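run_35.cif follows; it contains mmCIF, N, CA and C atoms.
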```cif
data_work
loop_
_atom_site.label_atom_id
_atom_site.label_comp_id
_atom_site.auth_asym_id
_atom_site.auth_seq_id
_atom_site.Cartn_x
_atom_site.Cartn_y
_atom_site.Cartn_z
N MET D 1 65.40 108.69 92.27
CA MET D 1 65.54 107.79 93.40
C MET D 1 66.63 106.75 93.14
N THR D 2 66.66 106.25 91.90
CA THR D 2 67.67 105.25 91.54
C THR D 2 69.07 105.86 91.59
N GLU D 3 69.19 107.11 91.13
CA GLU D 3 70.49 107.77 91.16
C GLU D 3 70.96 108.00 92.59
N LEU D 4 70.05 108.32 93.49
CA LEU D 4 70.40 108.51 94.89
C LEU D 4 70.90 107.21 95.50
N LEU D 5 70.20 106.12 95.23
CA LEU D 5 70.64 104.83 95.75
C LEU D 5 71.98 104.41 95.16
N LEU D 6 72.15 104.66 93.87
CA LEU D 6 73.42 104.34 93.22
C LEU D 6 74.55 105.18 93.81
N GLY D 7 74.29 106.47 94.04
CA GLY D 7 75.30 107.34 94.65
C GLY D 7 75.65 106.90 96.06
N MET D 8 74.65 106.49 96.83
CA MET D 8 74.90 106.00 98.19
C MET D 8 75.71 104.70 98.16
N PHE D 9 75.38 103.84 97.20
CA PHE D 9 76.12 102.58 97.07
C PHE D 9 77.58 102.84 96.71
N VAL D 10 77.81 103.75 95.77
CA VAL D 10 79.19 104.07 95.36
C VAL D 10 79.95 104.70 96.52
N ALA D 11 79.29 105.57 97.28
CA ALA D 11 79.94 106.20 98.43
C ALA D 11 80.29 105.15 99.49
N LEU D 12 79.38 104.24 99.74
CA LEU D 12 79.63 103.18 100.72
C LEU D 12 80.74 102.25 100.24
N LEU D 13 80.75 101.94 98.95
CA LEU D 13 81.79 101.10 98.39
C LEU D 13 83.16 101.78 98.48
N GLY D 14 83.21 103.06 98.17
CA GLY D 14 84.46 103.82 98.29
C GLY D 14 84.95 103.90 99.72
N LEU D 15 84.02 104.13 100.65
CA LEU D 15 84.39 104.19 102.05
C LEU D 15 84.92 102.85 102.53
N GLY D 16 84.25 101.78 102.13
CA GLY D 16 84.71 100.44 102.52
C GLY D 16 86.08 100.11 101.93
N GLY D 17 86.28 100.46 100.67
CA GLY D 17 87.58 100.23 100.06
C GLY D 17 88.68 101.04 100.73
N GLY D 18 88.38 102.29 101.04
CA GLY D 18 89.36 103.14 101.72
C GLY D 18 89.71 102.61 103.11
N LEU D 19 88.68 102.15 103.82
CA LEU D 19 88.93 101.57 105.15
C LEU D 19 89.78 100.30 105.03
N ALA D 20 89.52 99.49 104.04
CA ALA D 20 90.29 98.25 103.87
C ALA D 20 91.75 98.55 103.55
N VAL D 21 91.98 99.47 102.62
CA VAL D 21 93.35 99.80 102.24
C VAL D 21 94.07 100.50 103.39
N GLY D 22 93.39 101.43 104.04
CA GLY D 22 94.00 102.13 105.17
C GLY D 22 94.32 101.18 106.32
N SER D 23 93.42 100.26 106.60
CA SER D 23 93.66 99.28 107.66
C SER D 23 94.84 98.38 107.31
N GLY D 24 94.93 97.99 106.04
CA GLY D 24 96.05 97.17 105.62
C GLY D 24 97.37 97.91 105.75
N MET D 25 97.39 99.19 105.40
CA MET D 25 98.61 99.98 105.50
C MET D 25 99.03 100.15 106.96
N VAL D 26 98.06 100.45 107.82
CA VAL D 26 98.37 100.60 109.24
C VAL D 26 98.85 99.27 109.82
N ALA D 27 98.21 98.17 109.44
CA ALA D 27 98.65 96.86 109.92
C ALA D 27 100.07 96.56 109.46
N LEU D 28 100.39 96.90 108.23
CA LEU D 28 101.74 96.69 107.72
C LEU D 28 102.75 97.48 108.53
N LEU D 29 102.43 98.74 108.79
CA LEU D 29 103.36 99.59 109.53
C LEU D 29 103.50 99.16 110.99
N VAL D 30 102.40 98.73 111.60
CA VAL D 30 102.44 98.39 113.02
C VAL D 30 103.01 96.99 113.25
N VAL D 31 102.52 96.01 112.51
CA VAL D 31 102.95 94.63 112.74
C VAL D 31 104.43 94.45 112.43
N PHE D 32 104.90 95.02 111.33
CA PHE D 32 106.30 94.86 110.96
C PHE D 32 107.19 95.93 111.57
N ASP D 33 106.63 96.87 112.34
CA ASP D 33 107.42 97.91 113.00
C ASP D 33 108.31 98.65 112.01
N LEU D 34 107.75 99.05 110.89
CA LEU D 34 108.55 99.61 109.81
C LEU D 34 109.13 100.99 110.13
N ILE D 35 108.35 101.85 110.73
CA ILE D 35 108.85 103.20 111.00
C ILE D 35 110.01 103.18 112.00
N PRO D 36 109.89 102.49 113.15
CA PRO D 36 111.05 102.42 114.04
C PRO D 36 112.26 101.74 113.41
N ARG D 37 112.02 100.72 112.59
CA ARG D 37 113.14 100.03 111.94
C ARG D 37 113.81 100.94 110.91
N LEU D 38 113.01 101.69 110.16
CA LEU D 38 113.56 102.63 109.20
C LEU D 38 114.36 103.72 109.91
N ALA D 39 113.86 104.19 111.04
CA ALA D 39 114.59 105.20 111.82
C ALA D 39 115.90 104.61 112.36
N GLN D 40 115.86 103.35 112.76
CA GLN D 40 117.07 102.71 113.26
C GLN D 40 118.11 102.55 112.16
N LEU D 41 117.66 102.15 110.96
CA LEU D 41 118.59 102.00 109.84
C LEU D 41 119.20 103.33 109.42
N ALA D 42 118.43 104.41 109.57
CA ALA D 42 118.91 105.74 109.19
C ALA D 42 119.67 106.43 110.32
N ASN D 43 119.86 105.73 111.43
CA ASN D 43 120.51 106.30 112.62
C ASN D 43 119.83 107.60 113.04
N ALA D 44 118.52 107.62 112.97
CA ALA D 44 117.76 108.82 113.32
C ALA D 44 116.58 108.44 114.21
N TYR D 45 116.82 107.57 115.18
CA TYR D 45 115.72 107.07 116.00
C TYR D 45 115.06 108.19 116.79
N GLN D 46 115.85 109.19 117.21
CA GLN D 46 115.28 110.31 117.97
C GLN D 46 114.37 111.18 117.10
N LYS D 47 114.44 111.01 115.79
CA LYS D 47 113.60 111.78 114.87
C LYS D 47 112.53 110.92 114.22
N SER D 48 112.14 109.82 114.87
CA SER D 48 111.14 108.93 114.27
C SER D 48 109.78 109.61 114.15
N VAL D 49 109.53 110.62 114.97
CA VAL D 49 108.28 111.37 114.87
C VAL D 49 108.19 112.04 113.50
N TRP D 50 109.33 112.47 112.96
CA TRP D 50 109.34 113.09 111.64
C TRP D 50 108.96 112.08 110.56
N PHE D 51 109.43 110.84 110.70
CA PHE D 51 109.06 109.79 109.74
C PHE D 51 107.55 109.56 109.77
N GLU D 52 107.00 109.46 110.98
CA GLU D 52 105.56 109.24 111.12
C GLU D 52 104.76 110.41 110.59
N SER D 53 105.20 111.63 110.92
CA SER D 53 104.50 112.82 110.45
C SER D 53 104.56 112.95 108.93
N ALA D 54 105.70 112.61 108.35
CA ALA D 54 105.83 112.67 106.90
C ALA D 54 104.90 111.66 106.23
N LEU D 55 104.75 110.49 106.82
CA LEU D 55 103.86 109.47 106.27
C LEU D 55 102.41 109.93 106.32
N VAL D 56 102.00 110.50 107.45
CA VAL D 56 100.62 110.98 107.58
C VAL D 56 100.39 112.18 106.66
N ALA D 57 101.32 113.13 106.63
CA ALA D 57 101.16 114.31 105.78
C ALA D 57 101.11 113.92 104.30
N GLY D 58 101.95 112.99 103.89
CA GLY D 58 101.93 112.54 102.51
C GLY D 58 100.63 111.85 102.16
N SER D 59 100.11 111.05 103.07
CA SER D 59 98.83 110.37 102.83
C SER D 59 97.69 111.37 102.69
N VAL D 60 97.65 112.35 103.59
CA VAL D 60 96.59 113.36 103.53
C VAL D 60 96.72 114.21 102.27
N TYR D 61 97.94 114.64 101.96
CA TYR D 61 98.15 115.49 100.79
C TYR D 61 97.72 114.78 99.51
N TRP D 62 98.19 113.54 99.32
CA TRP D 62 97.89 112.85 98.08
C TRP D 62 96.43 112.40 98.01
N SER D 63 95.80 112.17 99.16
CA SER D 63 94.36 111.90 99.14
C SER D 63 93.59 113.13 98.67
N LEU D 64 93.96 114.29 99.20
CA LEU D 64 93.31 115.53 98.76
C LEU D 64 93.61 115.82 97.29
N ALA D 65 94.84 115.56 96.86
CA ALA D 65 95.19 115.78 95.45
C ALA D 65 94.36 114.88 94.54
N ASP D 66 94.10 113.67 94.99
CA ASP D 66 93.29 112.75 94.18
C ASP D 66 91.82 113.17 94.18
N PHE D 67 91.28 113.46 95.35
CA PHE D 67 89.86 113.81 95.44
C PHE D 67 89.53 115.13 94.77
N LEU D 68 90.42 116.10 94.87
CA LEU D 68 90.14 117.43 94.35
C LEU D 68 90.71 117.64 92.94
N ASP D 69 91.22 116.59 92.33
CA ASP D 69 91.77 116.64 90.96
C ASP D 69 92.81 117.74 90.79
N TRP D 70 93.73 117.80 91.74
CA TRP D 70 94.81 118.77 91.62
C TRP D 70 95.73 118.33 90.50
N SER D 71 96.24 119.29 89.77
CA SER D 71 97.21 118.96 88.74
C SER D 71 98.38 119.93 88.85
N LEU D 72 99.52 119.48 88.42
CA LEU D 72 100.73 120.27 88.51
C LEU D 72 100.92 121.02 87.20
N ARG D 73 100.80 122.33 87.25
CA ARG D 73 100.96 123.16 86.06
C ARG D 73 102.08 124.16 86.30
N LEU D 74 103.27 123.75 85.96
CA LEU D 74 104.43 124.60 86.12
C LEU D 74 105.11 124.79 84.76
N PRO D 75 105.69 125.96 84.50
CA PRO D 75 106.35 126.16 83.21
C PRO D 75 107.55 125.23 83.04
N LEU D 76 108.29 125.00 84.09
CA LEU D 76 109.44 124.09 84.04
C LEU D 76 109.05 122.80 84.74
N HIS D 77 108.13 122.08 84.14
CA HIS D 77 107.55 120.92 84.81
C HIS D 77 108.48 119.72 84.88
N ALA D 78 109.47 119.63 84.04
CA ALA D 78 110.31 118.43 84.02
C ALA D 78 111.20 118.35 85.26
N LEU D 79 111.78 119.46 85.70
CA LEU D 79 112.68 119.43 86.84
C LEU D 79 111.97 119.12 88.15
N PRO D 80 110.86 119.79 88.49
CA PRO D 80 110.17 119.42 89.74
C PRO D 80 109.63 117.99 89.71
N LEU D 81 109.15 117.55 88.56
CA LEU D 81 108.63 116.19 88.47
C LEU D 81 109.75 115.17 88.64
N ALA D 82 110.92 115.48 88.10
CA ALA D 82 112.05 114.58 88.27
C ALA D 82 112.45 114.50 89.74
N GLY D 83 112.44 115.63 90.42
CA GLY D 83 112.75 115.63 91.85
C GLY D 83 111.71 114.87 92.67
N MET D 84 110.44 115.08 92.35
CA MET D 84 109.39 114.36 93.06
C MET D 84 109.47 112.86 92.78
N GLY D 85 109.77 112.51 91.54
CA GLY D 85 109.93 111.10 91.20
C GLY D 85 111.10 110.47 91.93
N LEU D 86 112.19 111.22 92.05
CA LEU D 86 113.34 110.73 92.79
C LEU D 86 112.99 110.50 94.26
N LEU D 87 112.30 111.47 94.87
CA LEU D 87 111.91 111.31 96.27
C LEU D 87 110.92 110.16 96.45
N ASP D 88 109.97 110.01 95.52
CA ASP D 88 109.05 108.88 95.59
C ASP D 88 109.79 107.56 95.48
N GLY D 89 110.75 107.49 94.58
CA GLY D 89 111.53 106.27 94.41
C GLY D 89 112.35 105.94 95.64
N ILE D 90 112.94 106.97 96.26
CA ILE D 90 113.70 106.76 97.48
C ILE D 90 112.79 106.23 98.59
N PHE D 91 111.60 106.82 98.71
CA PHE D 91 110.67 106.37 99.75
C PHE D 91 110.25 104.93 99.52
N ILE D 92 109.84 104.60 98.31
CA ILE D 92 109.40 103.24 98.02
C ILE D 92 110.55 102.25 98.20
N GLY D 93 111.72 102.62 97.76
CA GLY D 93 112.88 101.74 97.93
C GLY D 93 113.22 101.50 99.38
N MET D 94 113.19 102.55 100.19
CA MET D 94 113.49 102.38 101.61
C MET D 94 112.40 101.59 102.32
N LEU D 95 111.15 101.82 101.94
CA LEU D 95 110.06 101.06 102.53
C LEU D 95 110.16 99.59 102.16
N ALA D 96 110.48 99.30 100.90
CA ALA D 96 110.65 97.91 100.47
C ALA D 96 111.85 97.27 101.15
N ALA D 97 112.93 98.02 101.30
CA ALA D 97 114.11 97.48 101.97
C ALA D 97 113.82 97.19 103.44
N ALA D 98 113.10 98.09 104.09
CA ALA D 98 112.75 97.87 105.50
C ALA D 98 111.83 96.66 105.64
N LEU D 99 110.87 96.54 104.75
CA LEU D 99 109.97 95.39 104.79
C LEU D 99 110.72 94.08 104.53
N THR D 100 111.62 94.11 103.58
CA THR D 100 112.42 92.92 103.28
C THR D 100 113.29 92.54 104.46
N GLU D 101 113.89 93.54 105.10
CA GLU D 101 114.76 93.25 106.23
C GLU D 101 113.97 92.75 107.43
N VAL D 102 112.81 93.35 107.67
CA VAL D 102 112.01 92.93 108.81
C VAL D 102 111.53 91.50 108.63
N MET D 103 111.17 91.15 107.42
CA MET D 103 110.67 89.80 107.17
C MET D 103 111.79 88.79 106.95
N ASN D 104 113.04 89.25 106.93
CA ASN D 104 114.20 88.39 106.73
C ASN D 104 114.08 87.55 105.47
N VAL D 105 113.63 88.18 104.40
CA VAL D 105 113.44 87.45 103.15
C VAL D 105 114.77 87.03 102.54
N LEU D 106 115.72 87.94 102.48
CA LEU D 106 116.98 87.62 101.81
C LEU D 106 117.78 86.53 102.52
N PRO D 107 117.95 86.56 103.83
CA PRO D 107 118.69 85.46 104.46
C PRO D 107 118.01 84.10 104.28
N ILE D 108 116.70 84.08 104.37
CA ILE D 108 115.99 82.81 104.17
C ILE D 108 116.15 82.33 102.75
N LEU D 109 116.02 83.25 101.79
CA LEU D 109 116.18 82.89 100.38
C LEU D 109 117.60 82.41 100.11
N ALA D 110 118.58 83.11 100.63
CA ALA D 110 119.97 82.71 100.41
C ALA D 110 120.27 81.36 101.05
N LYS D 111 119.71 81.10 102.22
CA LYS D 111 119.95 79.82 102.89
C LYS D 111 119.28 78.67 102.13
N ARG D 112 118.05 78.89 101.70
CA ARG D 112 117.34 77.82 101.00
C ARG D 112 117.95 77.50 99.64
N LEU D 113 118.41 78.53 98.94
CA LEU D 113 119.00 78.32 97.62
C LEU D 113 120.51 78.13 97.68
N GLN D 114 121.07 78.09 98.90
CA GLN D 114 122.50 77.94 99.13
C GLN D 114 123.30 79.00 98.39
N LEU D 115 122.88 80.25 98.56
CA LEU D 115 123.53 81.39 97.91
C LEU D 115 124.17 82.34 98.93
N GLY D 116 124.55 81.82 100.09
CA GLY D 116 125.10 82.66 101.15
C GLY D 116 126.29 83.48 100.74
N THR D 117 127.14 82.91 99.90
CA THR D 117 128.34 83.65 99.48
C THR D 117 128.02 84.68 98.40
N PHE D 118 126.85 84.58 97.80
CA PHE D 118 126.48 85.48 96.70
C PHE D 118 125.40 86.48 97.10
N ILE D 119 125.29 86.79 98.39
CA ILE D 119 124.20 87.65 98.86
C ILE D 119 124.32 89.05 98.28
N GLN D 120 125.54 89.57 98.12
CA GLN D 120 125.71 90.91 97.55
C GLN D 120 125.26 90.92 96.09
N ALA D 121 125.62 89.90 95.36
CA ALA D 121 125.18 89.81 93.96
C ALA D 121 123.67 89.65 93.87
N LEU D 122 123.08 88.93 94.81
CA LEU D 122 121.62 88.76 94.84
C LEU D 122 120.92 90.10 95.04
N VAL D 123 121.41 90.89 95.99
CA VAL D 123 120.82 92.20 96.25
C VAL D 123 120.99 93.12 95.05
N MET D 124 122.18 93.13 94.47
CA MET D 124 122.42 93.99 93.30
C MET D 124 121.56 93.57 92.11
N SER D 125 121.36 92.27 91.92
CA SER D 125 120.52 91.83 90.81
C SER D 125 119.07 92.24 91.04
N MET D 126 118.62 92.22 92.30
CA MET D 126 117.26 92.68 92.59
C MET D 126 117.12 94.17 92.32
N VAL D 127 118.12 94.95 92.72
CA VAL D 127 118.08 96.40 92.51
C VAL D 127 118.11 96.71 91.02
N LEU D 128 119.02 96.09 90.30
CA LEU D 128 119.13 96.35 88.86
C LEU D 128 117.88 95.88 88.12
N GLY D 129 117.30 94.77 88.54
CA GLY D 129 116.06 94.30 87.92
C GLY D 129 114.92 95.28 88.13
N LYS D 130 114.84 95.84 89.33
CA LYS D 130 113.79 96.82 89.62
C LYS D 130 114.00 98.09 88.79
N VAL D 131 115.23 98.56 88.73
CA VAL D 131 115.53 99.78 87.97
C VAL D 131 115.26 99.57 86.49
N LEU D 132 115.76 98.47 85.94
CA LEU D 132 115.58 98.23 84.51
C LEU D 132 114.11 97.98 84.17
N GLY D 133 113.39 97.28 85.04
CA GLY D 133 111.96 97.07 84.82
C GLY D 133 111.19 98.37 84.85
N SER D 134 111.53 99.26 85.79
CA SER D 134 110.87 100.56 85.87
C SER D 134 111.18 101.40 84.64
N LEU D 135 112.44 101.41 84.22
CA LEU D 135 112.81 102.18 83.02
C LEU D 135 112.10 101.64 81.78
N PHE D 136 112.00 100.33 81.65
CA PHE D 136 111.29 99.75 80.52
C PHE D 136 109.82 100.17 80.56
N ASP D 137 109.23 100.14 81.74
CA ASP D 137 107.82 100.52 81.87
C ASP D 137 107.62 101.99 81.50
N TRP D 138 108.49 102.86 82.00
CA TRP D 138 108.32 104.29 81.75
C TRP D 138 108.65 104.67 80.31
N LEU D 139 109.73 104.12 79.77
CA LEU D 139 110.24 104.58 78.49
C LEU D 139 109.69 103.82 77.28
N VAL D 140 109.33 102.58 77.46
CA VAL D 140 108.88 101.77 76.32
C VAL D 140 107.41 101.42 76.42
N TYR D 141 107.02 100.80 77.51
CA TYR D 141 105.67 100.26 77.61
C TYR D 141 104.59 101.33 77.65
N GLN D 142 104.81 102.41 78.39
CA GLN D 142 103.79 103.44 78.52
C GLN D 142 103.71 104.35 77.31
N TRP D 143 104.67 104.32 76.43
CA TRP D 143 104.63 105.15 75.22
C TRP D 143 103.93 104.38 74.17
#
```
Show me the file's structure as structure tokens.
Amino acid sequence: MTELLLGMFVALLGLGGGLAVGSGMVALLVVFDLIPRLAQLANAYQKSVWFESALVAGSVYWSLADFLDWSLRLPLHALPLAGMGLLDGIFIGMLAAALTEVMNVLPILAKRLQLGTFIQALVMSMVLGKVLGSLFDWLVYQW
């Protein structure tokens, strides 16, 4: 009886957590209009349905991969993983760039810190910091 109650509690907790994270993601996408803005930046507004479909398909696929404990077992595992990592990085980078642009973080930051003439250097330093931090995490910290 105790195990049944514990299992029900864990299931309810997982469902609540999933609803909270999913609601937050949907709110982020809807309130900041990220998908239409990303389509506008890519000059592919007529194909915004593909952006939305890719987001939903990726969410469903990776949820199933997590729940069903799928693992990638390929003889040449380094090349496909490198490609998937590249695509993941491109997606996260574009999503972060769209979010930053929608929220107008960089112009406000440049205006407050009086760095208007150095905006290109500011963006490049952010990109290089992200890349170097990720490389340090992957190559040094996780080993």
Exercise. Considering only C-alpha atoms, return as a PyMOL selection string whatever protein or nucleic-acid residues lie within 10 Å of Gln46 (chain D), sequence-local ones (same chain, fewer than 6 positions apart) excluded.
Key: chain D and resi 36+39-40
Practice problem: Output as an MDAnalysis selection string all residues of chain D that backbone DSSP marks as helix (DSSP H, G or I). | Solution: chainID D and resid 2:31 34:41 45:67 78:103 105:112 116:141
Practice problem: Have a look at atom N of Ser53 (chain D) and atom N of Leu15 (chain D) and let me know their distance in Å, one decimal. | Solution: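 We find that atom N of Ser53 (chain D) and atom N of Leu15 (chain D) lie 24.7 Å from each other.
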Ground truth for the PyMOL selection byres (((chain D and resi 56-69 and name CA) around 12) and name CA), written as a PDB file with N, CA and C atoms, keeping the file's coordinate frame:
```
ATOM      1  N   GLY D  14      83.210 103.060  98.170  1.00  0.00           N
ATOM      2  CA  GLY D  14      84.460 103.820  98.290  1.00  0.00           C
ATOM      3  C   GLY D  14      84.950 103.900  99.720  1.00  0.00           C
ATOM      4  N   GLY D  18      88.380 102.290 101.040  1.00  0.00           N
ATOM      5  CA  GLY D  18      89.360 103.140 101.720  1.00  0.00           C
ATOM      6  C   GLY D  18      89.710 102.610 103.110  1.00  0.00           C
ATOM      7  N   VAL D  21      91.980  99.470 102.620  1.00  0.00           N
ATOM      8  CA  VAL D  21      93.350  99.800 102.240  1.00  0.00           C
ATOM      9  C   VAL D  21      94.070 100.500 103.390  1.00  0.00           C
ATOM     10  N   GLY D  22      93.390 101.430 104.040  1.00  0.00           N
ATOM     11  CA  GLY D  22      94.000 102.130 105.170  1.00  0.00           C
ATOM     12  C   GLY D  22      94.320 101.180 106.320  1.00  0.00           C
ATOM     13  N   MET D  25      97.390  99.190 105.400  1.00  0.00           N
ATOM     14  CA  MET D  25      98.610  99.980 105.500  1.00  0.00           C
ATOM     15  C   MET D  25      99.030 100.150 106.960  1.00  0.00           C
ATOM     16  N   VAL D  26      98.060 100.450 107.820  1.00  0.00           N
ATOM     17  CA  VAL D  26      98.370 100.600 109.240  1.00  0.00           C
ATOM     18  C   VAL D  26      98.850  99.270 109.820  1.00  0.00           C
ATOM     19  N   LEU D  29     102.430  98.740 108.790  1.00  0.00           N
ATOM     20  CA  LEU D  29     103.360  99.590 109.530  1.00  0.00           C
ATOM     21  C   LEU D  29     103.500  99.160 110.990  1.00  0.00           C
ATOM     22  N   ILE D  35     108.350 101.850 110.730  1.00  0.00           N
ATOM     23  CA  ILE D  35     108.850 103.200 111.000  1.00  0.00           C
ATOM     24  C   ILE D  35     110.010 103.180 112.000  1.00  0.00           C
ATOM     25  N   VAL D  49     109.530 110.620 114.970  1.00  0.00           N
ATOM     26  CA  VAL D  49     108.280 111.370 114.870  1.00  0.00           C
ATOM     27  C   VAL D  49     108.190 112.040 113.500  1.00  0.00           C
ATOM     28  N   TRP D  50     109.330 112.470 112.960  1.00  0.00           N
ATOM     29  CA  TRP D  50     109.340 113.090 111.640  1.00  0.00           C
ATOM     30  C   TRP D  50     108.960 112.080 110.560  1.00  0.00           C
ATOM     31  N   PHE D  51     109.430 110.840 110.700  1.00  0.00           N
ATOM     32  CA  PHE D  51     109.060 109.790 109.740  1.00  0.00           C
ATOM     33  C   PHE D  51     107.550 109.560 109.770  1.00  0.00           C
ATOM     34  N   GLU D  52     107.000 109.460 110.980  1.00  0.00           N
ATOM     35  CA  GLU D  52     105.560 109.240 111.120  1.00  0.00           C
ATOM     36  C   GLU D  52     104.760 110.410 110.590  1.00  0.00           C
ATOM     37  N   SER D  53     105.200 111.630 110.920  1.00  0.00           N
ATOM     38  CA  SER D  53     104.500 112.820 110.450  1.00  0.00           C
ATOM     39  C   SER D  53     104.560 112.950 108.930  1.00  0.00           C
ATOM     40  N   ALA D  54     105.700 112.610 108.350  1.00  0.00           N
ATOM     41  CA  ALA D  54     105.830 112.670 106.900  1.00  0.00           C
ATOM     42  C   ALA D  54     104.900 111.660 106.230  1.00  0.00           C
ATOM     43  N   LEU D  55     104.750 110.490 106.820  1.00  0.00           N
ATOM     44  CA  LEU D  55     103.860 109.470 106.270  1.00  0.00           C
ATOM     45  C   LEU D  55     102.410 109.930 106.320  1.00  0.00           C
ATOM     46  N   TRP D  70      93.730 117.800  91.740  1.00  0.00           N
ATOM     47  CA  TRP D  70      94.810 118.770  91.620  1.00  0.00           C
ATOM     48  C   TRP D  70      95.730 118.330  90.500  1.00  0.00           C
ATOM     49  N   SER D  71      96.240 119.290  89.770  1.00  0.00           N
ATOM     50  CA  SER D  71      97.210 118.960  88.740  1.00  0.00           C
ATOM     51  C   SER D  71      98.380 119.930  88.850  1.00  0.00           C
ATOM     52  N   LEU D  72      99.520 119.480  88.420  1.00  0.00           N
ATOM     53  CA  LEU D  72     100.730 120.270  88.510  1.00  0.00           C
ATOM     54  C   LEU D  72     100.920 121.020  87.200  1.00  0.00           C
ATOM     55  N   LEU D  87     112.300 111.470  94.870  1.00  0.00           N
ATOM     56  CA  LEU D  87     111.910 111.310  96.270  1.00  0.00           C
ATOM     57  C   LEU D  87     110.920 110.160  96.450  1.00  0.00           C
ATOM     58  N   ASP D  88     109.970 110.010  95.520  1.00  0.00           N
ATOM     59  CA  ASP D  88     109.050 108.880  95.590  1.00  0.00           C
ATOM     60  C   ASP D  88     109.790 107.560  95.480  1.00  0.00           C
ATOM     61  N   PHE D  91     111.600 106.820  98.710  1.00  0.00           N
ATOM     62  CA  PHE D  91     110.670 106.370  99.750  1.00  0.00           C
ATOM     63  C   PHE D  91     110.250 104.930  99.520  1.00  0.00           C
TER      64      PHE D  91
END
```
Quiz item: atom N of Phe32 (chain D) and CA of Leu13 (chain D), how far apart in Å?
Solution: 27.2 Å
Self-check item: Atomic distance CA of Ser134 (chain D) - CA of Asn43 (chain D), expressed in Å with one decimal
Solution: 29.0 Å
